[in-house]
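Undergrad: You'll find target.txt just under this line, and it carries compact mmCIF, C-alpha atoms.
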# COMPACT_ATOMS: atom_id res chain seq x y z
CA MET D 1 150.10 116.12 69.72
CA ALA D 2 147.90 118.34 67.60
CA ASP D 3 146.53 115.26 65.84
CA PHE D 4 145.65 113.69 69.20
CA VAL D 5 143.87 116.83 70.36
CA SER D 6 141.94 117.13 67.13
CA MET D 7 141.00 113.45 67.25
CA THR D 8 139.82 113.85 70.85
CA GLU D 9 137.72 116.85 69.92
CA GLN D 10 136.23 114.94 67.00
CA LEU D 11 135.34 111.96 69.22
CA THR D 12 133.82 114.32 71.77
CA ARG D 13 131.68 115.99 69.13
CA ASP D 14 130.58 112.67 67.63
CA TYR D 15 130.17 110.47 70.70
CA GLY D 16 130.11 112.88 73.65
CA TYR D 17 126.35 112.82 74.14
CA SER D 18 126.26 109.04 73.76
CA LEU D 19 128.98 108.51 76.37
CA LEU D 20 127.32 110.99 78.71
CA LEU D 21 124.00 109.20 78.30
CA LEU D 22 125.59 105.82 79.09
CA LEU D 23 127.36 107.20 82.16
CA VAL D 24 124.18 108.81 83.49
CA ALA D 25 122.13 105.64 82.92
CA ALA D 26 124.80 103.45 84.55
CA GLY D 27 124.99 105.83 87.50
CA PHE D 28 121.24 105.78 88.06
CA ILE D 29 121.12 101.97 87.83
CA LYS D 30 123.98 101.69 90.31
CA LEU D 31 122.21 104.11 92.66
CA ILE D 32 118.98 102.11 92.47
CA ASN D 33 120.84 98.87 93.23
CA LEU D 34 122.60 100.44 96.21
CA ARG D 35 119.32 101.78 97.60
CA SER D 36 117.73 98.35 97.13
CA LEU D 37 120.27 96.90 99.56
CA THR D 38 119.09 99.20 102.35
CA GLN D 39 115.39 99.40 101.48
CA SER D 40 112.79 96.78 102.32
CA LYS D 41 111.55 94.30 99.77
CA HIS D 42 108.39 96.39 99.51
CA TYR D 43 110.25 98.61 97.01
CA ARG D 44 111.41 95.72 94.82
CA PHE D 45 108.62 96.15 92.26
CA ARG D 46 109.29 99.87 91.83
CA ASN D 47 113.06 99.40 91.54
CA GLN D 48 112.70 96.67 88.93
CA ILE D 49 110.43 98.88 86.85
CA LEU D 50 112.88 101.79 87.09
CA VAL D 51 115.81 99.65 85.93
CA ILE D 52 113.88 98.29 82.95
CA VAL D 53 112.70 101.76 81.92
CA LEU D 54 116.24 103.17 82.24
CA VAL D 55 117.71 100.40 80.08
CA LEU D 56 115.08 100.93 77.37
CA LEU D 57 115.50 104.71 77.41
CA ALA D 58 119.30 104.41 77.35
CA GLY D 59 119.15 102.13 74.32
CA LEU D 60 116.76 104.43 72.51
CA GLY D 61 118.79 107.51 73.40
CA LEU D 62 122.00 105.84 72.25
CA VAL D 63 120.56 105.23 68.80
CA LEU D 64 119.30 108.82 68.57
CA THR D 65 122.59 110.43 69.70
CA LEU D 66 125.06 108.36 67.65
CA PRO D 67 126.42 110.12 64.52
CA LEU D 68 124.43 108.08 62.02
CA ASP D 69 122.57 108.97 58.88
CA SER D 70 118.80 108.89 58.92
CA GLY D 71 118.58 105.61 57.01
CA THR D 72 120.89 103.72 59.37
CA ARG D 73 119.19 105.23 62.42
CA GLY D 74 115.80 104.14 61.11
CA GLN D 75 117.08 100.62 60.51
CA LEU D 76 118.48 100.43 64.06
CA LEU D 77 115.19 101.62 65.54
CA THR D 78 113.36 99.01 63.48
CA LEU D 79 115.82 96.35 64.67
CA MET D 80 115.29 97.38 68.29
CA GLY D 81 111.54 97.12 67.83
CA LEU D 82 111.89 93.66 66.31
CA VAL D 83 114.18 92.49 69.12
CA PHE D 84 111.78 93.84 71.75
CA THR D 85 108.85 92.13 70.05
CA ALA D 86 110.80 88.87 69.75
CA VAL D 87 111.66 88.96 73.45
CA LEU D 88 108.02 89.45 74.36
CA THR D 89 106.96 86.65 72.01
CA LEU D 90 109.62 84.04 72.82
CA SER D 91 109.67 84.71 76.56
CA SER D 92 105.89 84.93 76.99
CA PRO D 93 105.61 81.70 79.02
CA THR D 94 108.24 82.90 81.51
CA VAL D 95 109.86 86.26 82.17
CA ALA D 96 107.91 88.63 79.95
CA ALA D 97 104.57 87.01 80.78
CA ASN D 98 105.24 87.23 84.52
CA ALA D 99 106.23 90.88 84.14
CA MET D 100 103.06 91.73 82.22
CA ALA D 101 101.01 89.78 84.77
CA GLY D 102 102.72 91.77 87.53
CA PHE D 103 101.70 95.03 85.84
CA MET D 104 98.11 93.80 85.57
CA ILE D 105 97.92 92.66 89.20
CA ARG D 106 99.31 95.94 90.52
CA SER D 107 97.00 98.01 88.30
CA GLU D 108 93.91 96.09 89.47
CA ASN D 109 94.98 96.52 93.12
CA LYS D 110 92.78 93.66 94.31
CA PHE D 111 95.02 92.80 97.25
CA SER D 112 97.91 94.36 99.15
CA PRO D 113 100.53 93.24 101.71
CA GLY D 114 98.86 91.74 104.77
CA ASP D 115 95.76 90.40 102.98
CA PHE D 116 94.75 86.74 103.10
CA ILE D 117 94.57 85.26 99.59
CA GLN D 118 94.03 81.79 98.14
CA VAL D 119 95.19 80.76 94.66
CA ASN D 120 94.22 77.16 93.91
CA GLU D 121 95.59 75.18 96.86
CA TYR D 122 97.92 77.96 98.03
CA PHE D 123 96.67 79.98 101.01
CA GLY D 124 98.38 82.61 103.13
CA ARG D 125 98.98 86.32 103.76
CA VAL D 126 100.72 88.53 101.22
CA THR D 127 104.15 89.75 102.33
CA GLU D 128 105.34 91.47 99.15
CA GLN D 129 104.41 92.02 95.51
CA GLY D 130 107.23 91.95 92.95
CA LEU D 131 107.38 92.40 89.21
CA PHE D 132 107.68 88.69 88.49
CA GLN D 133 106.26 87.00 91.59
CA THR D 134 104.16 87.51 94.70
CA GLU D 135 105.34 86.23 98.06
CA ILE D 136 102.85 84.89 100.61
CA GLN D 137 103.35 83.53 104.12
CA THR D 138 101.57 80.20 104.59
CA GLU D 139 99.86 78.71 107.64
CA ASP D 140 103.16 76.98 108.49
CA ARG D 141 104.98 80.37 108.62
CA ASP D 142 106.89 79.44 105.46
CA LEU D 143 107.37 81.93 102.63
CA LEU D 144 105.96 80.86 99.27
CA SER D 145 106.77 82.66 96.00
CA VAL D 146 103.94 82.38 93.47
CA PRO D 147 104.62 83.52 89.86
CA ASN D 148 102.43 86.42 88.80
CA LEU D 149 101.46 84.54 85.64
CA PHE D 150 100.02 81.76 87.80
CA ILE D 151 98.03 84.27 89.86
CA SER D 152 96.66 86.10 86.82
CA SER D 153 95.59 82.86 85.12
CA HIS D 154 93.80 81.35 88.14
CA PRO D 155 90.91 82.55 90.31
CA VAL D 156 92.15 84.47 93.35
CA LYS D 157 90.14 84.47 96.57
CA VAL D 158 90.86 87.55 98.70
CA VAL D 159 89.62 87.68 102.30
CA HIS D 160 87.93 91.04 102.81
CA ALA D 161 89.95 93.22 105.16
CA ASP D 162 86.79 94.57 106.84
CA GLY D 163 85.60 91.12 107.84
CA THR D 164 84.76 87.68 106.52
CA VAL D 165 82.41 84.76 107.13
CA VAL D 166 83.79 81.81 109.11
CA SER D 167 81.92 78.54 108.64
CA ALA D 168 82.07 74.85 109.48
CA GLU D 169 80.06 71.80 108.48
CA VAL D 170 78.88 68.81 110.49
CA THR D 171 76.92 65.69 109.56
CA LEU D 172 74.30 64.38 112.00
CA GLY D 173 71.62 61.74 111.94
CA TYR D 174 67.91 62.05 111.18
CA ASP D 175 67.08 60.91 114.72
CA VAL D 176 67.95 64.36 116.14
CA ASP D 177 65.48 67.25 115.79
CA HIS D 178 66.89 69.87 113.43
CA HIS D 179 65.45 72.67 115.58
CA LEU D 180 67.61 71.55 118.50
CA ILE D 181 70.66 71.21 116.28
CA GLU D 182 70.15 74.68 114.83
CA ALA D 183 69.89 76.20 118.32
CA MET D 184 73.07 74.45 119.47
CA LEU D 185 75.03 75.47 116.38
CA LEU D 186 73.91 79.09 116.70
CA GLN D 187 75.02 79.08 120.33
CA ALA D 188 78.38 77.59 119.30
CA ALA D 189 78.94 80.38 116.77
CA THR D 190 78.06 83.00 119.38
CA ASP D 191 80.46 81.42 121.88
CA ALA D 192 83.18 81.59 119.21
CA ASN D 193 82.74 85.41 119.09
CA LEU D 194 81.14 85.40 115.65
CA GLU D 195 78.51 88.00 114.85
CA GLU D 196 75.13 87.44 113.17
CA PRO D 197 75.41 83.61 113.05
CA PHE D 198 73.19 81.50 110.81
CA VAL D 199 72.67 77.81 110.03
CA TYR D 200 71.98 76.15 106.68
CA VAL D 201 70.87 72.62 105.90
CA MET D 202 73.25 71.78 103.08
CA ASP D 203 72.20 68.26 102.11
CA LEU D 204 69.71 65.53 102.97
CA GLY D 205 71.69 62.36 102.45
CA ASP D 206 70.58 58.75 102.56
CA TYR D 207 71.68 58.32 106.16
CA SER D 208 72.51 61.79 107.49
CA VAL D 209 71.87 65.52 107.29
CA LYS D 210 74.68 67.99 106.58
CA TYR D 211 74.52 71.29 108.48
CA ARG D 212 76.59 74.41 107.91
CA VAL D 213 77.00 77.05 110.63
CA ALA D 214 78.60 80.39 109.88
CA GLY D 215 79.11 83.82 111.38
CA PHE D 216 80.77 87.14 110.65
CA LEU D 217 84.33 87.74 111.88
CA LYS D 218 85.56 91.34 111.98
CA GLN D 219 89.16 90.68 113.02
CA VAL D 220 90.40 88.72 110.00
CA LYS D 221 93.87 88.54 111.56
CA HIS D 222 92.48 85.81 113.83
CA LEU D 223 90.97 83.79 110.98
CA LEU D 224 92.74 80.50 111.75
CA SER D 225 92.00 80.65 115.47
CA SER D 226 88.35 81.51 114.82
CA ARG D 227 87.93 78.52 112.52
CA SER D 228 89.35 76.23 115.17
CA MET D 229 87.35 77.86 117.98
CA LEU D 230 84.09 77.46 116.06
CA ARG D 231 84.64 73.71 115.69
CA LYS D 232 85.54 73.35 119.36
CA LYS D 233 82.37 75.14 120.43
CA MET D 234 80.30 73.00 118.07
CA MET D 235 81.58 69.85 119.77
CA ASP D 236 80.98 71.33 123.23
CA ARG D 237 77.40 72.41 122.55
CA LEU D 238 76.42 69.17 120.77
CA HIS D 239 78.01 66.96 123.42
CA GLU D 240 76.20 68.87 126.16
CA GLN D 241 72.92 67.70 124.59
CA ASN D 242 74.23 64.12 124.19
CA ILE D 243 74.22 64.47 120.42
CA GLU D 244 76.75 62.10 118.86
CA ILE D 245 78.74 63.44 115.93
CA VAL D 246 78.83 60.04 114.25
CA SER D 247 77.30 59.29 110.87
CA PRO D 248 74.48 56.72 110.99
CA ALA D 249 76.25 54.92 108.14
CA PHE D 250 79.07 54.12 110.57
CA MET D 251 78.63 50.69 112.18
CA ASN D 252 80.39 50.06 115.47
CA GLN D 253 79.79 47.12 117.79
CA ARG D 254 80.27 48.56 121.23
CA GLN D 255 81.47 45.87 123.62
CA ILE D 256 82.22 47.89 126.75
CA ASN D 257 81.03 51.49 126.73
CA SER D 258 77.92 52.58 124.86
CA ASP D 259 78.91 56.25 124.87
CA VAL D 260 81.10 57.87 122.24
CA ILE D 261 80.96 61.34 123.75
CA PRO D 262 84.15 61.78 125.80
CA GLN D 263 83.81 62.87 129.41
CA ARG D 264 86.03 65.65 130.65
CA SER D 265 88.52 64.39 133.19
CA PHE D 266 89.20 67.96 134.26
CA VAL D 267 87.70 71.30 133.28
CA ILE D 268 89.81 73.96 131.58
CA PRO D 269 88.02 77.32 131.48
CA ASP D 270 87.82 78.92 128.07
CA ASN D 271 89.80 82.10 127.67
CA PRO D 272 88.22 84.25 124.94
CA ALA D 273 91.02 86.82 125.28
CA GLU D 274 93.70 84.24 124.46
CA ILE D 275 95.98 85.39 121.66
CA GLY D 276 95.95 83.07 118.66
CA PRO D 277 98.98 81.76 116.77
CA GLU D 278 98.46 84.15 113.85
CA SER D 279 100.87 86.71 115.30
CA LEU D 280 103.64 84.11 115.10
CA ILE D 281 102.60 82.40 111.87
CA PHE D 282 102.06 85.54 109.80
CA ASP D 283 104.69 87.78 111.42
CA LYS D 284 106.21 88.97 108.13
CA ALA D 285 102.81 89.54 106.55
CA GLU D 286 101.75 91.47 109.65
CA ARG D 287 104.78 93.74 109.38
CA ALA D 288 104.14 94.23 105.66
CA GLN D 289 100.55 95.30 106.35
CA GLN D 290 101.60 97.67 109.14
CA LEU D 291 104.28 99.16 106.88
CA ASN D 292 101.75 99.69 104.09
CA GLU D 293 99.28 101.38 106.48
CA LEU D 294 101.98 103.62 107.95
CA LYS D 295 103.07 104.76 104.49
CA GLU D 296 99.49 105.59 103.55
CA SER D 297 99.11 107.65 106.74
CA TYR D 298 102.46 109.34 106.07
CA ASN D 299 101.44 110.36 102.54
CA GLU D 300 98.04 111.62 103.71
CA LEU D 301 99.68 113.71 106.44
CA LYS D 302 102.13 115.22 103.93
CA LEU D 303 99.20 116.24 101.72
CA GLU D 304 97.47 117.84 104.71
CA LEU D 305 100.61 119.83 105.58
CA LYS D 306 100.97 120.93 101.97
CA ALA D 307 97.36 122.15 101.98
CA MET D 308 98.00 124.06 105.21
CA ASP D 309 101.07 125.74 103.69
CA SER D 310 99.07 126.93 100.70
CA GLY D 311 96.25 128.34 102.86
CA ASN D 312 96.25 131.51 104.94
CA GLU D 313 93.99 130.43 107.79
CA PRO D 314 94.85 131.86 111.25
CA ASP D 315 95.67 129.80 114.34
CA THR D 316 97.20 126.95 112.35
CA ASP D 317 100.72 127.10 113.77
CA ALA D 318 99.95 124.85 116.74
CA LEU D 319 98.08 122.36 114.56
CA LYS D 320 100.88 122.38 112.00
CA SER D 321 103.44 121.78 114.74
CA ARG D 322 101.51 118.74 116.00
CA LYS D 323 101.21 117.35 112.49
CA LEU D 324 104.95 117.82 111.91
CA ARG D 325 105.73 115.90 115.10
CA ARG D 326 103.39 113.13 114.02
CA LEU D 327 105.00 113.11 110.57
CA LYS D 328 108.44 112.62 112.12
CA ALA D 329 107.11 109.84 114.36
CA LEU D 330 105.59 108.07 111.35
CA LYS D 331 108.87 108.40 109.47
CA ARG D 332 110.77 106.79 112.36
CA ALA D 333 108.23 103.97 112.61
CA ILE D 334 108.48 103.34 108.86
CA ALA D 335 112.27 103.18 109.12
CA VAL D 336 112.06 100.65 111.97
CA LEU D 337 109.62 98.42 110.09
CA ASP D 338 111.69 98.75 106.91
CA THR D 339 114.72 97.46 108.80
CA ALA D 340 112.72 94.59 110.31
CA GLN D 341 111.37 93.58 106.89
CA THR D 342 114.86 93.67 105.36
CA GLU D 343 116.31 91.52 108.14
CA GLY D 344 113.31 89.17 108.04
Take the structure in the file and give it back as structure tokens.

TA:
Amino acid sequence: MADFVSMTEQLTRDYGYSLLLLLVAAGFIKLINLRSLTQSKHYRFRNQILVIVLVLLAGLGLVLTLPLDSGTRGQLLTLMGLVFTAVLTLSSPTVAANAMAGFMIRSENKFSPGDFIQVNEYFGRVTEQGLFQTEIQTEDRDLLSVPNLFISSHPVKVVHADGTVVSAEVTLGYDVDHHLIEAMLLQAATDANLEEPFVYVMDLGDYSVKYRVAGFLKQVKHLLSSRSMLRKKMMDRLHEQNIEIVSPAFMNQRQINSDVIPQRSFVIPDNPAEIGPESLIFDKAERAQQLNELKESYNELKLELKAMDSGNEPDTDALKSRKLRRLKALKRAIAVLDTAQTEG
């Protein structure tokens, strides 16, 4: 019995700190995994980073706390460095490279959840940014996971959140005065609720002239609907002036009807207040953007309350009470959106 007690004490002295370190690291990793089940995917990047850092620190701490002589400890640290370097080198085309690309993308902060981005042929709104991949919601409402290495190695087009330019091109013949065409295209852009419209002559071809009409759109959430609306208005305005949108290079022997401009069989009034399909197509991206904005407002309000606590200005109790109520409301809204994102 005495031998067992002495052996236990010896093991505790030699390996107690190491075992404690392993238990603490395992407990933290388990806690992070449990919280990930209830949190939204917005926290995935942070949780992945925490797990990786904990594993590295636990391995380093284990080498430092084991009862080893200085020479052996130095060799183990060297071996760990070599293994870490080998992992980065051998896995560079896949896991490690995507992780490093994820760090770079997050540090640059060029886009955030809810933004429209285009990478090569992939276009959509960002729903979440992870350590290894970025998820976007496409025009078909599908979710597309793009590796971070692919994003970092290709040009990324980000639609400015404060507004963007919506444009469309049309090819018309030389027999139509370009002044008339420019006036009609400008009117079409105005009818499509675009601000500060302008028209460019893009090309003088052998048989036709290419025009480009564009205008500024403030509400980028309605980007797809605005693109479609602009083209509809272009057809309406050009057809009103009996301008055919047919290339002169096109040869058609008309046997019955000499007109190619369709006549309206019935008139449907335009409804500029009609809600576009973006709210259905980009529902997850919309929630991700709202969640990101709410969290920014929540953090700003917490800083304001902290500044009020440190100051001694009079008549701040009522203002502080209102800010506290708003803080609680923001917290509830964040919880609701977190749940919706997790279920979605």

Undergrad: Taking 4 positions as the minimum chain separation for residues in the same chain, which residues sit within 12 Å of Met235 in chain D when counting only C-alpha atoms? Answer as a list in words.

TA: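 Within the cut-off, the hits are Ala168, Glu169, Val170, Thr171, Leu172, Ile181, Met184, Leu185, Gln187, Ala188, Ala189, Asp191, Ala192, Ser228, Met229, Leu230, Arg231, His239, Glu240, Gln241, Asn242, Ile243, Glu244, Ile245, Val246, Ile261 and Pro262 of chain D.
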
Undergrad: Could you state the separation of CA of Glu304 in chain D and CA of Lys323 in chain D in Å, given to one decimal place?

TA: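 These two atoms are separated by 8.6 Å.
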
Undergrad: List the neighbours of Leu301 in chain D out to 10 Å using all atoms listed in the file; skip same-chain residues closer than 3 positions along the sequence, and give me the result as a JSON list (two decimals) with C-alpha atoms, in the coordinates of the input.

TA:
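As written to disk, out10.json reads:
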[["chain", "number", "residue", "atom", "x", "y", "z"],
["D", 295, "LYS", "CA", 103.07, 104.76, 104.49],
["D", 296, "GLU", "CA", 99.49, 105.59, 103.55],
["D", 297, "SER", "CA", 99.11, 107.65, 106.74],
["D", 298, "TYR", "CA", 102.46, 109.34, 106.07],
["D", 304, "GLU", "CA", 97.47, 117.84, 104.71],
["D", 305, "LEU", "CA", 100.61, 119.83, 105.58],
["D", 306, "LYS", "CA", 100.97, 120.93, 101.97],
["D", 307, "ALA", "CA", 97.36, 122.15, 101.98],
["D", 323, "LYS", "CA", 101.21, 117.35, 112.49],
["D", 324, "LEU", "CA", 104.95, 117.82, 111.91],
["D", 326, "ARG", "CA", 103.39, 113.13, 114.02],
["D", 327, "LEU", "CA", 105.00, 113.11, 110.57],
["D", 330, "LEU", "CA", 105.59, 108.07, 111.35]]

Undergrad: Show me, as an MDAnalysis selection string, the residues that have an atom within 10 Å of range 78-83 of chain D when counting all atoms listed in the file, minus same-chain residues fewer than 3 positions from it.

TA: chainID D and resid 56 59:60 63 72:75 86:89

Undergrad: Using only C-alpha atoms, can you tell me which of D:Ala329, D:Leu194, D:Ile136, D:Leu76 comes closest to His222 in chain D?

TA: D:Leu194

Undergrad: Record the distance separating CA of Pro197 in chain D and CA of Leu180 in chain D, expressed in Å with one decimal.

TA: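 CA of Leu180 in chain D lies 15.4 Å from CA of Pro197 in chain D.
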
Undergrad: Any chance you could model N, CA and C atoms for range 298-333 of chain D and send them as a PDB file, keeping the file's coordinate frame?

TA:
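Result saved to result-v3.pdb:
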ATOM      1  N   TYR D 298     101.390 108.364 106.279  1.00  0.00           N
ATOM      2  CA  TYR D 298     102.460 109.340 106.070  1.00  0.00           C
ATOM      3  C   TYR D 298     102.172 110.215 104.855  1.00  0.00           C
ATOM      4  N   ASN D 299     101.742 109.589 103.752  1.00  0.00           N
ATOM      5  CA  ASN D 299     101.440 110.360 102.540  1.00  0.00           C
ATOM      6  C   ASN D 299     100.236 111.274 102.737  1.00  0.00           C
ATOM      7  N   GLU D 300      99.214 110.779 103.438  1.00  0.00           N
ATOM      8  CA  GLU D 300      98.040 111.620 103.710  1.00  0.00           C
ATOM      9  C   GLU D 300      98.411 112.824 104.568  1.00  0.00           C
ATOM     10  N   LEU D 301      99.277 112.610 105.568  1.00  0.00           N
ATOM     11  CA  LEU D 301      99.680 113.710 106.440  1.00  0.00           C
ATOM     12  C   LEU D 301     100.519 114.739 105.673  1.00  0.00           C
ATOM     13  N   LYS D 302     101.352 114.287 104.742  1.00  0.00           N
ATOM     14  CA  LYS D 302     102.130 115.220 103.930  1.00  0.00           C
ATOM     15  C   LYS D 302     101.220 116.080 103.066  1.00  0.00           C
ATOM     16  N   LEU D 303     100.153 115.468 102.515  1.00  0.00           N
ATOM     17  CA  LEU D 303      99.200 116.240 101.720  1.00  0.00           C
ATOM     18  C   LEU D 303      98.475 117.272 102.587  1.00  0.00           C
ATOM     19  N   GLU D 304      98.132 116.890 103.818  1.00  0.00           N
ATOM     20  CA  GLU D 304      97.470 117.840 104.710  1.00  0.00           C
ATOM     21  C   GLU D 304      98.385 119.023 105.040  1.00  0.00           C
ATOM     22  N   LEU D 305      99.665 118.743 105.292  1.00  0.00           N
ATOM     23  CA  LEU D 305     100.610 119.830 105.580  1.00  0.00           C
ATOM     24  C   LEU D 305     100.809 120.725 104.371  1.00  0.00           C
ATOM     25  N   LYS D 306     100.828 120.132 103.191  1.00  0.00           N
ATOM     26  CA  LYS D 306     100.970 120.930 101.970  1.00  0.00           C
ATOM     27  C   LYS D 306      99.769 121.841 101.783  1.00  0.00           C
ATOM     28  N   ALA D 307      98.566 121.323 102.084  1.00  0.00           N
ATOM     29  CA  ALA D 307      97.360 122.150 101.980  1.00  0.00           C
ATOM     30  C   ALA D 307      97.380 123.279 103.004  1.00  0.00           C
ATOM     31  N   MET D 308      97.914 123.016 104.184  1.00  0.00           N
ATOM     32  CA  MET D 308      98.000 124.060 105.210  1.00  0.00           C
ATOM     33  C   MET D 308      98.996 125.149 104.807  1.00  0.00           C
ATOM     34  N   ASP D 309     100.086 124.751 104.140  1.00  0.00           N
ATOM     35  CA  ASP D 309     101.070 125.740 103.690  1.00  0.00           C
ATOM     36  C   ASP D 309     100.496 126.667 102.625  1.00  0.00           C
ATOM     37  N   SER D 310      99.634 126.117 101.770  1.00  0.00           N
ATOM     38  CA  SER D 310      99.070 126.930 100.700  1.00  0.00           C
ATOM     39  C   SER D 310      97.941 127.839 101.183  1.00  0.00           C
ATOM     40  N   GLY D 311      97.339 127.516 102.338  1.00  0.00           N
ATOM     41  CA  GLY D 311      96.250 128.340 102.860  1.00  0.00           C
ATOM     42  C   GLY D 311      96.762 129.424 103.788  1.00  0.00           C
ATOM     43  N   ASN D 312      95.900 130.366 104.084  1.00  0.00           N
ATOM     44  CA  ASN D 312      96.250 131.510 104.940  1.00  0.00           C
ATOM     45  C   ASN D 312      95.333 131.585 106.165  1.00  0.00           C
ATOM     46  N   GLU D 313      94.891 130.435 106.651  1.00  0.00           N
ATOM     47  CA  GLU D 313      93.990 130.430 107.790  1.00  0.00           C
ATOM     48  C   GLU D 313      94.763 130.745 109.071  1.00  0.00           C
ATOM     49  N   PRO D 314      94.175 131.532 109.982  1.00  0.00           N
ATOM     50  CA  PRO D 314      94.850 131.860 111.250  1.00  0.00           C
ATOM     51  C   PRO D 314      94.815 130.680 112.219  1.00  0.00           C
ATOM     52  N   ASP D 315      95.640 130.774 113.248  1.00  0.00           N
ATOM     53  CA  ASP D 315      95.670 129.800 114.340  1.00  0.00           C
ATOM     54  C   ASP D 315      95.976 128.386 113.848  1.00  0.00           C
ATOM     55  N   THR D 316      96.836 128.273 112.858  1.00  0.00           N
ATOM     56  CA  THR D 316      97.200 126.950 112.350  1.00  0.00           C
ATOM     57  C   THR D 316      98.613 126.545 112.735  1.00  0.00           C
ATOM     58  N   ASP D 317      99.336 127.419 113.418  1.00  0.00           N
ATOM     59  CA  ASP D 317     100.720 127.100 113.770  1.00  0.00           C
ATOM     60  C   ASP D 317     100.788 125.924 114.742  1.00  0.00           C
ATOM     61  N   ALA D 318      99.930 125.939 115.755  1.00  0.00           N
ATOM     62  CA  ALA D 318      99.950 124.850 116.740  1.00  0.00           C
ATOM     63  C   ALA D 318      99.551 123.529 116.090  1.00  0.00           C
ATOM     64  N   LEU D 319      98.511 123.574 115.242  1.00  0.00           N
ATOM     65  CA  LEU D 319      98.080 122.360 114.560  1.00  0.00           C
ATOM     66  C   LEU D 319      99.161 121.845 113.615  1.00  0.00           C
ATOM     67  N   LYS D 320      99.806 122.778 112.914  1.00  0.00           N
ATOM     68  CA  LYS D 320     100.880 122.380 112.000  1.00  0.00           C
ATOM     69  C   LYS D 320     102.046 121.773 112.767  1.00  0.00           C
ATOM     70  N   SER D 321     102.348 122.316 113.928  1.00  0.00           N
ATOM     71  CA  SER D 321     103.440 121.780 114.740  1.00  0.00           C
ATOM     72  C   SER D 321     103.133 120.354 115.187  1.00  0.00           C
ATOM     73  N   ARG D 322     101.885 120.099 115.592  1.00  0.00           N
ATOM     74  CA  ARG D 322     101.510 118.740 116.000  1.00  0.00           C
ATOM     75  C   ARG D 322     101.592 117.774 114.832  1.00  0.00           C
ATOM     76  N   LYS D 323     101.152 118.220 113.666  1.00  0.00           N
ATOM     77  CA  LYS D 323     101.210 117.350 112.490  1.00  0.00           C
ATOM     78  C   LYS D 323     102.655 117.056 112.083  1.00  0.00           C
ATOM     79  N   LEU D 324     103.535 118.049 112.235  1.00  0.00           N
ATOM     80  CA  LEU D 324     104.950 117.820 111.910  1.00  0.00           C
ATOM     81  C   LEU D 324     105.565 116.797 112.864  1.00  0.00           C
ATOM     82  N   ARG D 325     105.215 116.883 114.149  1.00  0.00           N
ATOM     83  CA  ARG D 325     105.730 115.900 115.100  1.00  0.00           C
ATOM     84  C   ARG D 325     105.216 114.504 114.773  1.00  0.00           C
ATOM     85  N   ARG D 326     103.953 114.431 114.391  1.00  0.00           N
ATOM     86  CA  ARG D 326     103.390 113.130 114.020  1.00  0.00           C
ATOM     87  C   ARG D 326     104.044 112.602 112.746  1.00  0.00           C
ATOM     88  N   LEU D 327     104.349 113.516 111.811  1.00  0.00           N
ATOM     89  CA  LEU D 327     105.000 113.110 110.570  1.00  0.00           C
ATOM     90  C   LEU D 327     106.377 112.512 110.856  1.00  0.00           C
ATOM     91  N   LYS D 328     107.120 113.141 111.768  1.00  0.00           N
ATOM     92  CA  LYS D 328     108.440 112.620 112.120  1.00  0.00           C
ATOM     93  C   LYS D 328     108.323 111.263 112.819  1.00  0.00           C
ATOM     94  N   ALA D 329     107.305 111.120 113.674  1.00  0.00           N
ATOM     95  CA  ALA D 329     107.110 109.840 114.360  1.00  0.00           C
ATOM     96  C   ALA D 329     106.776 108.736 113.361  1.00  0.00           C
ATOM     97  N   LEU D 330     105.918 109.050 112.382  1.00  0.00           N
ATOM     98  CA  LEU D 330     105.590 108.070 111.350  1.00  0.00           C
ATOM     99  C   LEU D 330     106.823 107.691 110.540  1.00  0.00           C
ATOM    100  N   LYS D 331     107.658 108.676 110.242  1.00  0.00           N
ATOM    101  CA  LYS D 331     108.870 108.400 109.470  1.00  0.00           C
ATOM    102  C   LYS D 331     109.801 107.462 110.236  1.00  0.00           C
ATOM    103  N   ARG D 332     109.934 107.678 111.550  1.00  0.00           N
ATOM    104  CA  ARG D 332     110.770 106.790 112.360  1.00  0.00           C
ATOM    105  C   ARG D 332     110.188 105.384 112.414  1.00  0.00           C
ATOM    106  N   ALA D 333     108.864 105.292 112.561  1.00  0.00           N
ATOM    107  CA  ALA D 333     108.230 103.970 112.610  1.00  0.00           C
ATOM    108  C   ALA D 333     108.398 103.233 111.291  1.00  0.00           C
TER     109      ALA D 333
END
